[in-house]
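Below: coords_33.tsv (TSV, C-alpha atoms)
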chain	number	residue	atom	x	y	z
E	8	MET	CA	0.00	0.00	0.00
E	9	ILE	CA	1.35	3.43	-0.95
E	10	GLU	CA	1.72	5.81	1.97
E	11	ASN	CA	-0.35	8.98	2.08
E	12	SER	CA	2.77	11.12	2.51
E	13	PHE	CA	4.01	9.98	-0.93
E	14	LEU	CA	0.70	10.68	-2.59
E	15	TYR	CA	0.66	14.24	-1.27
E	16	GLY	CA	1.01	16.67	-4.13
E	17	VAL	CA	1.01	14.06	-6.91
E	18	GLU	CA	-1.69	15.89	-8.82
E	19	GLU	CA	-1.16	19.20	-10.56
E	20	THR	CA	-2.64	22.04	-8.52
E	21	ILE	CA	-3.22	25.73	-8.95
E	22	GLY	CA	-1.53	26.85	-5.78
E	23	LEU	CA	1.07	29.22	-4.46
E	24	HIS	CA	3.67	28.15	-7.02
E	25	VAL	CA	1.46	29.34	-9.90
E	26	ILE	CA	1.14	32.78	-8.34
E	27	LEU	CA	4.87	32.91	-7.53
E	28	SER	CA	5.87	31.72	-11.01
E	29	ASN	CA	3.68	34.34	-12.65
E	30	ILE	CA	5.14	37.06	-10.43
E	31	PHE	CA	8.70	35.92	-11.18
E	32	TRP	CA	8.30	35.63	-14.94
E	33	TRP	CA	6.25	38.77	-15.52
E	34	GLY	CA	8.57	40.59	-13.11
E	35	SER	CA	11.54	39.34	-15.13
E	36	LEU	CA	9.91	40.64	-18.30
E	37	ILE	CA	9.56	44.10	-16.75
E	38	LEU	CA	13.23	43.91	-15.71
E	39	VAL	CA	14.27	42.99	-19.27
E	40	ILE	CA	12.34	45.97	-20.63
E	41	SER	CA	13.91	48.19	-17.99
E	42	ALA	CA	17.42	46.83	-18.73
E	43	TYR	CA	16.83	47.34	-22.47
E	44	ARG	CA	16.75	51.09	-21.83
E	45	TYR	CA	20.48	50.79	-21.04
E	46	ARG	CA	21.30	48.74	-24.15
E	47	HIS	CA	23.95	51.31	-25.22
E	48	ILE	CA	25.95	50.16	-22.17
E	49	TRP	CA	25.86	46.47	-23.11
E	50	ASN	CA	25.70	46.49	-26.84
E	51	VAL	CA	25.17	42.81	-27.64
E	52	GLY	CA	22.77	43.62	-30.45
E	53	GLU	CA	19.03	43.99	-30.84
E	54	LEU	CA	18.64	40.30	-31.60
E	55	VAL	CA	19.92	39.13	-28.20
E	56	TRP	CA	17.72	41.67	-26.44
E	57	SER	CA	14.64	40.60	-28.39
E	58	PHE	CA	15.41	36.93	-27.69
E	59	LEU	CA	15.69	37.65	-23.97
E	60	PHE	CA	12.42	39.58	-24.16
E	61	MET	CA	10.67	36.71	-25.95
E	62	THR	CA	12.07	34.15	-23.47
E	63	PHE	CA	10.40	35.88	-20.54
E	64	LEU	CA	7.28	36.93	-22.43
E	65	PHE	CA	6.52	33.43	-23.72
E	66	PHE	CA	7.25	31.79	-20.40
E	67	GLY	CA	5.03	34.35	-18.68
E	68	VAL	CA	2.21	33.46	-21.09
E	69	ARG	CA	2.89	29.78	-20.42
E	70	GLU	CA	2.57	30.35	-16.70
E	71	LEU	CA	-0.67	32.28	-17.18
E	72	GLY	CA	-1.97	29.10	-18.83
E	73	HIS	CA	-1.78	27.39	-15.42
E	74	LEU	CA	-4.89	29.31	-14.50
E	75	THR	CA	-7.03	27.39	-16.97
E	76	LYS	CA	-8.06	23.74	-16.78
E	77	SER	CA	-8.99	23.46	-20.47
E	78	PRO	CA	-6.94	20.66	-22.15
E	79	PHE	CA	-6.90	22.61	-25.42
E	80	LEU	CA	-5.47	25.74	-23.78
E	81	ASP	CA	-3.02	23.48	-21.93
E	82	SER	CA	-1.65	22.38	-25.33
E	83	VAL	CA	-1.38	25.99	-26.47
E	84	ARG	CA	0.46	26.75	-23.21
E	85	TYR	CA	3.08	24.14	-24.06
E	86	ILE	CA	3.71	25.86	-27.42
E	87	PHE	CA	4.68	29.02	-25.54
E	88	GLY	CA	6.87	26.92	-23.24
E	89	VAL	CA	8.73	25.47	-26.22
E	90	TRP	CA	9.19	28.94	-27.74
E	91	SER	CA	10.60	30.21	-24.47
E	92	ALA	CA	13.14	27.35	-24.36
E	93	ILE	CA	14.19	28.01	-27.97
E	94	PHE	CA	14.78	31.72	-27.38
E	95	MET	CA	16.54	31.29	-24.02
E	96	THR	CA	18.96	28.79	-25.56
E	97	SER	CA	19.53	30.95	-28.65
E	98	ALA	CA	20.07	34.15	-26.62
E	99	MET	CA	22.89	32.59	-24.60
E	100	ILE	CA	24.47	31.02	-27.70
E	101	PHE	CA	24.38	34.38	-29.52
E	102	ILE	CA	25.92	36.24	-26.56
E	103	TYR	CA	28.75	33.72	-26.55
E	104	ILE	CA	29.24	33.91	-30.33
E	105	LYS	CA	29.22	37.70	-30.32
E	106	LEU	CA	31.35	38.45	-27.28
E	107	TYR	CA	33.71	35.54	-27.01
E	108	MET	CA	33.94	34.06	-30.50
E	109	ARG	CA	34.06	37.60	-31.95
E	110	LYS	CA	31.71	36.69	-34.78
E	111	THR	CA	28.82	38.66	-36.18
E	112	ILE	CA	25.36	37.12	-35.91
E	113	SER	CA	24.66	36.52	-39.56
E	114	GLY	CA	21.31	36.04	-41.28
E	115	PRO	CA	21.52	32.25	-41.66
E	116	MET	CA	22.23	31.90	-37.91
E	117	ILE	CA	18.88	33.49	-37.09
E	118	ILE	CA	16.95	30.96	-39.18
E	119	PRO	CA	17.19	27.83	-36.88
E	120	PRO	CA	15.45	29.38	-33.81
E	121	PHE	CA	12.64	30.83	-35.92
E	122	ALA	CA	12.32	27.65	-37.99
E	123	LEU	CA	11.97	25.63	-34.77
E	124	MET	CA	9.54	28.21	-33.44
E	125	PHE	CA	7.22	27.89	-36.44
E	126	LEU	CA	7.55	24.11	-36.48
E	127	VAL	CA	5.76	23.73	-33.13
E	128	PRO	CA	2.39	25.26	-34.14
E	129	VAL	CA	2.62	23.27	-37.39
E	130	ILE	CA	2.93	20.06	-35.34
E	131	PHE	CA	0.04	21.23	-33.16
E	132	ILE	CA	-2.22	21.95	-36.15
E	133	PHE	CA	-1.21	18.64	-37.74
E	134	LEU	CA	-2.21	16.82	-34.54
E	135	ILE	CA	-5.58	18.57	-34.48
E	136	PHE	CA	-6.33	17.62	-38.09
E	137	SER	CA	-5.04	14.08	-37.60
E	138	GLY	CA	-8.12	13.43	-35.49
E	139	LYS	CA	-6.40	12.87	-32.17
E	140	ARG	CA	-8.33	13.57	-29.00
E	141	THR	CA	-7.55	16.80	-27.15
E	142	GLU	CA	-6.14	14.86	-24.16
E	143	GLU	CA	-3.77	12.97	-26.48
E	144	ILE	CA	-2.63	16.21	-28.11
E	145	THR	CA	-2.02	17.72	-24.66
E	146	GLY	CA	0.10	14.68	-23.74
E	147	ILE	CA	2.16	14.90	-26.94
E	148	MET	CA	2.67	18.66	-26.59
E	149	SER	CA	3.66	18.20	-22.95
E	150	ASN	CA	6.28	15.60	-23.92
E	151	LEU	CA	7.50	17.82	-26.74
E	152	GLU	CA	7.90	20.73	-24.32
E	153	ASN	CA	9.74	18.49	-21.84
E	154	ILE	CA	12.17	17.27	-24.51
E	155	VAL	CA	12.82	20.76	-25.93
E	156	TRP	CA	13.43	22.16	-22.45
E	157	ILE	CA	15.75	19.26	-21.55
E	158	ILE	CA	17.82	19.86	-24.71
E	159	GLY	CA	17.62	23.67	-24.45
E	160	SER	CA	18.53	23.87	-20.78
E	161	SER	CA	21.40	21.39	-21.25
E	162	ILE	CA	22.84	23.68	-23.94
E	163	THR	CA	22.22	26.74	-21.74
E	164	ILE	CA	24.00	25.07	-18.80
E	165	TYR	CA	27.04	24.66	-21.06
E	166	THR	CA	26.93	28.14	-22.67
E	167	THR	CA	26.41	29.96	-19.35
E	168	TYR	CA	29.30	27.94	-17.91
E	169	LEU	CA	31.52	29.08	-20.81
E	170	LEU	CA	30.31	32.67	-20.48
E	171	GLY	CA	30.81	32.63	-16.71
E	172	ILE	CA	34.41	31.46	-16.83
E	173	LYS	CA	35.30	34.07	-19.45
E	174	SER	CA	33.57	37.07	-17.86
E	175	THR	CA	34.24	39.18	-14.83
E	176	GLY	CA	32.53	41.18	-12.07
E	177	GLY	CA	28.74	41.24	-12.00
E	178	PHE	CA	28.48	39.29	-15.25
E	179	ILE	CA	29.76	36.20	-13.41
E	180	ASN	CA	26.70	36.46	-11.16
E	181	PHE	CA	24.40	37.10	-14.12
E	182	TYR	CA	25.58	33.97	-15.93
E	183	MET	CA	25.72	31.97	-12.70
E	184	PHE	CA	22.07	32.69	-11.91
E	185	PHE	CA	21.10	31.85	-15.49
E	186	HIS	CA	23.16	28.66	-15.11
E	187	PHE	CA	21.26	27.70	-11.95
E	188	ALA	CA	17.95	28.55	-13.65
E	189	ALA	CA	18.85	26.20	-16.51
E	190	ILE	CA	19.80	23.43	-14.06
E	191	PHE	CA	16.43	23.68	-12.32
E	192	ALA	CA	14.64	23.82	-15.68
E	193	LEU	CA	16.43	20.63	-16.69
E	194	LEU	CA	15.51	18.86	-13.44
E	195	TRP	CA	11.92	20.11	-13.60
E	196	LYS	CA	11.38	18.95	-17.16
E	197	PHE	CA	13.24	15.68	-16.67
E	198	LEU	CA	10.93	14.84	-13.76
E	199	GLY	CA	7.97	15.92	-15.92
E	200	LEU	CA	9.08	13.56	-18.68
E	201	LEU	CA	9.53	10.73	-16.17
E	202	ASN	CA	6.02	11.42	-14.89
E	203	ASN	CA	4.58	11.27	-18.41
E	204	LEU	CA	6.40	7.97	-18.98
E	205	SER	CA	4.34	6.35	-16.21
E	206	CYS	CA	6.77	6.92	-13.38
E	207	PRO	CA	4.80	9.15	-10.99
E	208	VAL	CA	6.75	12.04	-9.55
E	209	PRO	CA	5.00	14.09	-6.85
E	210	TYR	CA	3.87	17.35	-8.41
E	211	SER	CA	5.02	19.19	-5.29
E	212	ILE	CA	8.64	18.32	-6.14
E	213	ARG	CA	8.24	19.53	-9.71
E	214	GLU	CA	6.55	22.73	-8.61
E	215	ILE	CA	9.47	23.49	-6.25
E	216	MET	CA	11.85	23.02	-9.21
E	217	GLU	CA	9.70	25.26	-11.39
E	218	THR	CA	9.55	27.95	-8.72
E	219	LEU	CA	13.33	27.83	-8.21
E	220	PHE	CA	13.75	28.11	-11.98
E	221	GLY	CA	11.75	31.34	-11.84
E	222	VAL	CA	13.66	32.59	-8.77
E	223	PHE	CA	17.04	32.24	-10.47
E	224	ALA	CA	15.75	33.69	-13.74
E	225	ILE	CA	14.52	36.86	-12.03
E	226	MET	CA	17.71	37.08	-9.97
E	227	SER	CA	19.82	37.04	-13.12
E	228	MET	CA	17.80	39.92	-14.55
E	229	ILE	CA	18.02	41.87	-11.27
E	230	VAL	CA	21.82	41.53	-11.33
E	231	LEU	CA	22.01	42.62	-14.99
E	232	ARG	CA	19.76	45.63	-14.47
E	233	LYS	CA	21.59	46.64	-11.29
E	234	MET	CA	24.92	46.64	-13.16
E	235	PHE	CA	23.50	48.88	-15.86
E	236	ILE	CA	21.91	51.32	-13.40
E	237	ASN	CA	25.13	51.58	-11.36
E	238	LEU	CA	27.17	52.30	-14.48
E	239	SER	CA	24.60	54.69	-15.87
E	240	ASN	CA	24.70	56.68	-12.63
E	241	ARG	CA	28.47	56.79	-12.75
E	242	ILE	CA	28.74	58.13	-16.30
E	243	SER	CA	25.84	60.56	-16.33
J	28	MET	CA	25.57	70.14	-19.32
J	29	THR	CA	28.61	67.93	-19.84
J	30	THR	CA	28.18	64.36	-18.68
J	31	LYS	CA	30.89	62.32	-16.99
J	32	ALA	CA	31.06	60.10	-20.06
J	33	GLU	CA	31.96	63.14	-22.17
J	34	LEU	CA	34.60	64.21	-19.65
J	35	TYR	CA	36.06	60.72	-19.74
J	36	LEU	CA	36.17	60.86	-23.52
J	37	ILE	CA	38.02	64.19	-23.40
J	38	ALA	CA	40.56	62.67	-20.99
J	39	LEU	CA	41.05	59.73	-23.36
J	40	SER	CA	41.50	62.03	-26.37
J	41	GLU	CA	44.10	64.05	-24.47
J	42	LEU	CA	45.94	60.85	-23.66
J	43	GLU	CA	45.92	59.76	-27.29
J	44	ASN	CA	47.09	63.19	-28.48
J	45	SER	CA	49.91	63.35	-25.95
J	46	THR	CA	51.27	59.93	-26.86
J	47	GLY	CA	51.89	58.80	-30.40
J	48	ASP	CA	50.93	55.39	-31.79
J	49	ILE	CA	48.02	54.77	-29.41
J	50	ILE	CA	45.41	52.88	-31.43
J	51	SER	CA	42.54	53.13	-29.00
J	52	THR	CA	41.78	53.75	-25.35
J	53	ALA	CA	38.82	52.87	-23.17
J	54	ILE	CA	37.55	53.27	-19.65
J	55	VAL	CA	35.72	50.14	-18.56
J	56	THR	CA	34.16	48.85	-15.37
J	57	HIS	CA	35.41	45.76	-13.55
J	58	ASP	CA	32.30	44.04	-14.95
J	59	GLY	CA	33.57	44.60	-18.48
J	60	LEU	CA	31.14	47.35	-19.45
J	61	ILE	CA	32.19	50.41	-21.43
J	62	MET	CA	32.23	53.80	-19.69
J	63	ALA	CA	34.00	55.61	-22.52
J	64	CYS	CA	35.87	54.47	-25.60
J	65	THR	CA	37.61	56.18	-28.47
J	66	ARG	CA	37.00	53.24	-30.75
J	67	SER	CA	34.21	53.91	-33.20
J	68	ASP	CA	33.40	50.27	-34.02
J	69	LEU	CA	30.57	49.36	-31.64
J	70	ARG	CA	31.09	45.60	-31.83
J	71	GLN	CA	34.80	45.92	-31.06
J	72	LYS	CA	34.02	48.17	-28.09
J	73	GLU	CA	32.18	45.41	-26.24
J	74	ILE	CA	34.91	42.87	-26.92
J	75	PHE	CA	37.60	45.38	-25.92
J	76	ALA	CA	35.84	45.99	-22.60
J	77	ALA	CA	34.93	42.38	-21.82
J	78	TYR	CA	38.39	40.97	-22.58
J	79	GLY	CA	40.23	43.92	-21.01
J	80	ALA	CA	38.39	43.62	-17.69
J	81	ALA	CA	38.60	39.82	-17.62
J	82	THR	CA	42.35	39.86	-18.28
J	83	TYR	CA	42.93	42.44	-15.56
J	84	LYS	CA	40.87	40.37	-13.11
J	85	ARG	CA	42.85	37.19	-13.84
J	86	ALA	CA	46.16	39.06	-13.59
J	87	GLY	CA	44.98	40.61	-10.33
J	88	ASP	CA	44.17	37.18	-8.93
J	89	THR	CA	47.60	35.91	-9.99
J	90	MET	CA	49.37	38.90	-8.42
J	91	GLU	CA	47.48	38.42	-5.19
J	92	GLU	CA	48.33	34.73	-5.08
J	93	LEU	CA	52.02	35.30	-5.83
J	94	SER	CA	52.77	38.43	-3.84
J	95	GLY	CA	49.75	39.01	-1.63
J	96	GLU	CA	49.40	42.51	-3.10
J	97	ASN	CA	46.87	44.20	-5.35
J	98	ILE	CA	47.68	44.75	-8.99
J	99	ASP	CA	48.28	48.36	-10.06
J	100	MET	CA	49.15	47.98	-13.71
J	101	LEU	CA	49.03	45.25	-16.32
J	102	LEU	CA	51.18	45.35	-19.43
J	103	TYR	CA	51.23	42.73	-22.18
J	104	GLU	CA	52.53	42.78	-25.70
J	105	SER	CA	52.44	40.89	-28.96
J	106	LYS	CA	54.52	41.19	-32.13
J	107	ASN	CA	52.76	44.38	-33.26
J	108	HIS	CA	50.72	45.59	-30.29
J	109	MET	CA	50.93	46.41	-26.63
J	110	VAL	CA	48.16	46.78	-24.05
J	111	VAL	CA	48.49	48.79	-20.86
J	112	THR	CA	45.76	48.54	-18.23
J	113	VAL	CA	45.73	50.60	-15.05
J	114	ARG	CA	43.17	51.10	-12.30
J	115	ALA	CA	41.42	54.48	-12.64
J	116	GLY	CA	39.64	54.83	-9.34
J	117	GLU	CA	37.61	52.28	-7.44
J	118	HIS	CA	35.24	51.25	-10.21
J	119	ALA	CA	37.11	51.82	-13.45
J	120	LEU	CA	40.01	50.57	-15.51
J	121	LEU	CA	41.85	52.49	-18.18
J	122	ILE	CA	42.95	50.35	-21.11
J	123	ALA	CA	45.25	51.58	-23.87
J	124	LEU	CA	46.02	49.60	-27.00
J	125	THR	CA	49.17	50.82	-28.72
J	126	GLY	CA	51.39	49.91	-31.60
J	127	ARG	CA	54.68	48.10	-30.94
J	128	ASN	CA	56.94	51.06	-31.82
J	129	VAL	CA	55.70	53.29	-29.04
J	130	GLN	CA	57.99	54.52	-26.26
J	131	MET	CA	56.95	52.24	-23.44
J	132	GLY	CA	58.05	54.54	-20.61
J	133	LEU	CA	56.20	57.51	-22.05
J	134	VAL	CA	53.03	55.49	-22.57
J	135	ILE	CA	53.06	54.14	-19.01
J	136	MET	CA	53.66	57.61	-17.56
J	137	ASN	CA	50.89	59.23	-19.62
J	138	VAL	CA	48.44	56.40	-18.96
J	139	GLN	CA	49.03	56.69	-15.22
J	140	LYS	CA	48.58	60.46	-15.40
J	141	ALA	CA	45.34	60.02	-17.32
J	142	ALA	CA	44.14	57.40	-14.82
J	143	GLN	CA	44.75	59.84	-11.97
J	144	LYS	CA	42.81	62.51	-13.87
J	145	ILE	CA	39.92	60.13	-14.50
J	146	LYS	CA	39.92	59.14	-10.82
J	147	GLU	CA	39.56	62.80	-9.85
J	148	LEU	CA	36.64	63.29	-12.25
Represent the supplied structure as structure tokens.
Amino acid sequence: MIENSFLYGVEETIGLHVILSNIFWWGSLILVISAYRYRHIWNVGELVWSFLFMTFLFFGVRELGHLTKSPFLDSVRYIFGVWSAIFMTSAMIFIYIKLYMRKTISGPMIIPPFALMFLVPVIFIFLIFSGKRTEEITGIMSNLENIVWIIGSSITIYTTYLLGIKSTGGFINFYMFFHFAAIFALLWKFLGLLNNLSCPVPYSIREIMETLFGVFAIMSMIVLRKMFINLSNRIS
Amino acid sequence: MTTKAELYLIALSELENSTGDIISTAIVTHDGLIMACTRSDLRQKEIFAAYGAATYKRAGDTMEELSGENIDMLLYESKNHMVVTVRAGEHALLIALTGRNVQMGLVIMNVQKAAQKIKEL
């Protein structure tokens, strides 16, 4: 017989973590917009800034989706989750290419993230027209999101590690917090995938991972914005 | 009203005018962000700042490990170039990239003078 303590929090709930996650991700988006005002200080290009913006925007929309119980909207929520993973991964890769490989972000390099982005709704529409039930589509989209996040966060763990060892000062903290965020994203999605593959993982554990993911994401943006404000005050 | 960034830029221009064969100069933070730079290429500016600050940090760590003292100046050279980095106050570094044929003593003296000036700003 399974103990009650294990069963606690197995089911997905709309609890404190949903509110916290929404606060963290929408707060992060505001911080990105605020940091963007100082883009002349950290001139990594409009593309990186827009990718960071889209990362937080799409994940914020994904988190808003927690508030609905509709299976169809759940599937749509996963599309935004996949987009967020694609842009987070690409943003860190582009920062590394630009600052530490001293290469320009060329046109062809922009194609893969956008191609992947457009592929997800195509898969979703294909699934709808293939006659699958909404619950099945939700399951497939959930697995797709888990896999994309596992791949994306693994790449981000590596790129933020490379960026962290090559940078200095406050940027070490910025990349370190992003690194931690990616680690928690990986754990969260790995547990989610295990759960979908018929190995129940208490939802409470996953929601802690998800919340910590949001905590480290917002901390990275706080550090970045703080650096810009300090410098802006010093040179104005 | 003149901003500090403009005053920094004037100090850098004076340094470049007083010393021949200086290719570019920049004032950067310890984080690797640009405060002022005479280089016009925007992309190069970021790289200049990021690498300059990171190199100074690593050299500072090495100096501290070897001698137990803080680093005051970092000088490194290649076949055709030389880079001088000095601390310009608590939050800033002054980096000068020069050609190889420059008078090293004169460059160091002028860079230190400019750093002192920047510190006072």
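Counting all atoms listed in the file and comparing E:Phe133, E:Val55, E:Ala42, E:Val89, the residue that lies closest to Ile117 of chain E is E:Val55.
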For the interface of chain J with chain E (cut-off 7 Å, counting all atoms listed in the file), please tabulate each contacting residue of chain J alongside its nearest pair of atoms and their separation in Å to one decimal, rows sorted by chain and increasing number, as a tab-separated table.
residue	atom	partner	partner_atom	distance
J:Thr30	CA	E:Ser243	CA	5.0
J:Lys31	CA	E:Ile242	CA	4.8
J:Ala32	CA	E:Ile242	CA	4.8
J:His57	CA	E:Gly176	CA	5.6
J:Asp58	CA	E:Gly176	CA	4.1
J:Gly59	CA	E:Thr175	CA	6.6
J:Leu60	CA	E:Trp49	CA	6.5
J:Ile61	CA	E:Ile48	CA	6.3
J:Met62	CA	E:Ile242	CA	6.5
J:Glu73	CA	E:Asn50	CA	6.6
J:Ile74	CA	E:Leu106	CA	5.7
J:Ala77	CA	E:Ser174	CA	6.8
J:Ala80	CA	E:Thr175	CA	6.7
J:Ala81	CA	E:Thr175	CA	5.2
J:Lys84	CA	E:Thr175	CA	7.0
**Message:** Set the distance at 7 Å and use only C-alpha atoms: which residues neighbour Thr56 of chain J once local chain neighbours fewer than 6 positions away are removed? I'd like the list as a list of chain:residue names.
**Reply:**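 Once the nearby chain positions are removed, what remains is J:Met62, J:His118, J:Ala119, J:Leu120.
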**Prompt:** Got a sec: who's within 12 Å of Phe63 of chain E, counting only C-alpha atoms, leaving out chain neighbours fewer than 2 positions off, as a VMD selection string?
**Reply:** chain E and resid 28 to 40 56 to 61 65 to 70 87 to 95 98 221 224 to 225 228
Identify, on the basis of only C-alpha atoms, every residue whose closest approach to segment 103-105 of chain J does not exceed 10 Å; exclude the query and any residue fewer than 2 positions from it along the same chain; express the result as a JSON list (two decimals) with C-alpha atoms, keeping the file's coordinate frame.
[["chain", "number", "residue", "atom", "x", "y", "z"],
["J", 101, "LEU", "CA", 49.03, 45.25, -16.32],
["J", 107, "ASN", "CA", 52.76, 44.38, -33.26],
["J", 108, "HIS", "CA", 50.72, 45.59, -30.29],
["J", 109, "MET", "CA", 50.93, 46.41, -26.63],
["J", 110, "VAL", "CA", 48.16, 46.78, -24.05],
["J", 111, "VAL", "CA", 48.49, 48.79, -20.86],
["J", 112, "THR", "CA", 45.76, 48.54, -18.23],
["J", 124, "LEU", "CA", 46.02, 49.60, -27.00],
["J", 125, "THR", "CA", 49.17, 50.82, -28.72],
["J", 126, "GLY", "CA", 51.39, 49.91, -31.60],
["J", 127, "ARG", "CA", 54.68, 48.10, -30.94]]
**Asked** If you count all atoms listed in the file, which residues fall within 10 Å of Lys140 of chain J, apart from same-chain ones fewer than 6 positions away, as a ChimeraX atom specification?
**Response** /J:42,115,134,146
**Asked** In Å, with one decimal, what is the gap from atom CA of Ile164 of chain E to atom CA of Phe101 of chain E?
**Response**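 Atom-to-atom, atom CA of Ile164 of chain E to atom CA of Phe101 of chain E, that is 14.2 Å.
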**Item:** Computed interatomic separation between atom CA of Thr52 of chain J and atom CA of Leu34 of chain J (Å)
**Value:**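 Distance between the two atoms: 13.9 Å.
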**Asked** Between atom CA of Ile162 of chain E and atom CA of Ile100 of chain E, what is the distance, to one decimal in Å?
**Response**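 Answer for the atom CA of Ile162 of chain E to atom CA of Ile100 of chain E separation: 8.4 Å.
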**Asked** Pick the closest to Leu71 of chain E from E:Val25, E:Asn180, E:Leu201, E:Ile229: which is it, counting all atoms listed in the file?
**Response** E:Val25
**Message:** Env of Gly22 of chain E: 12 Å cut, atoms = only C-alpha atoms, seq-sep filter 3 positions within chain, self excluded. Answer as a PyMOL selection string.
**Reply:** chain E and resi 16+18-19+25-29+73-74+210-211+214-215+218
Kindly provide, as lines of an AutoDock Vina configuration file, the centre and edge lengths (Å, one decimal) of an axis-aligned box around all atoms of segment 116-133 of chain J given in the file, with 3 Å on each side.
center_x = 46.6
center_y = 52.8
center_z = -19.6
size_x = 28.8
size_y = 15.4
size_z = 30.4
**Prompt:** Between E:Leu80, E:Ile147, E:Leu23, E:Met216, which has the minimum distance to Ile190 of chain E (counting only C-alpha atoms)?
**Reply:** E:Met216
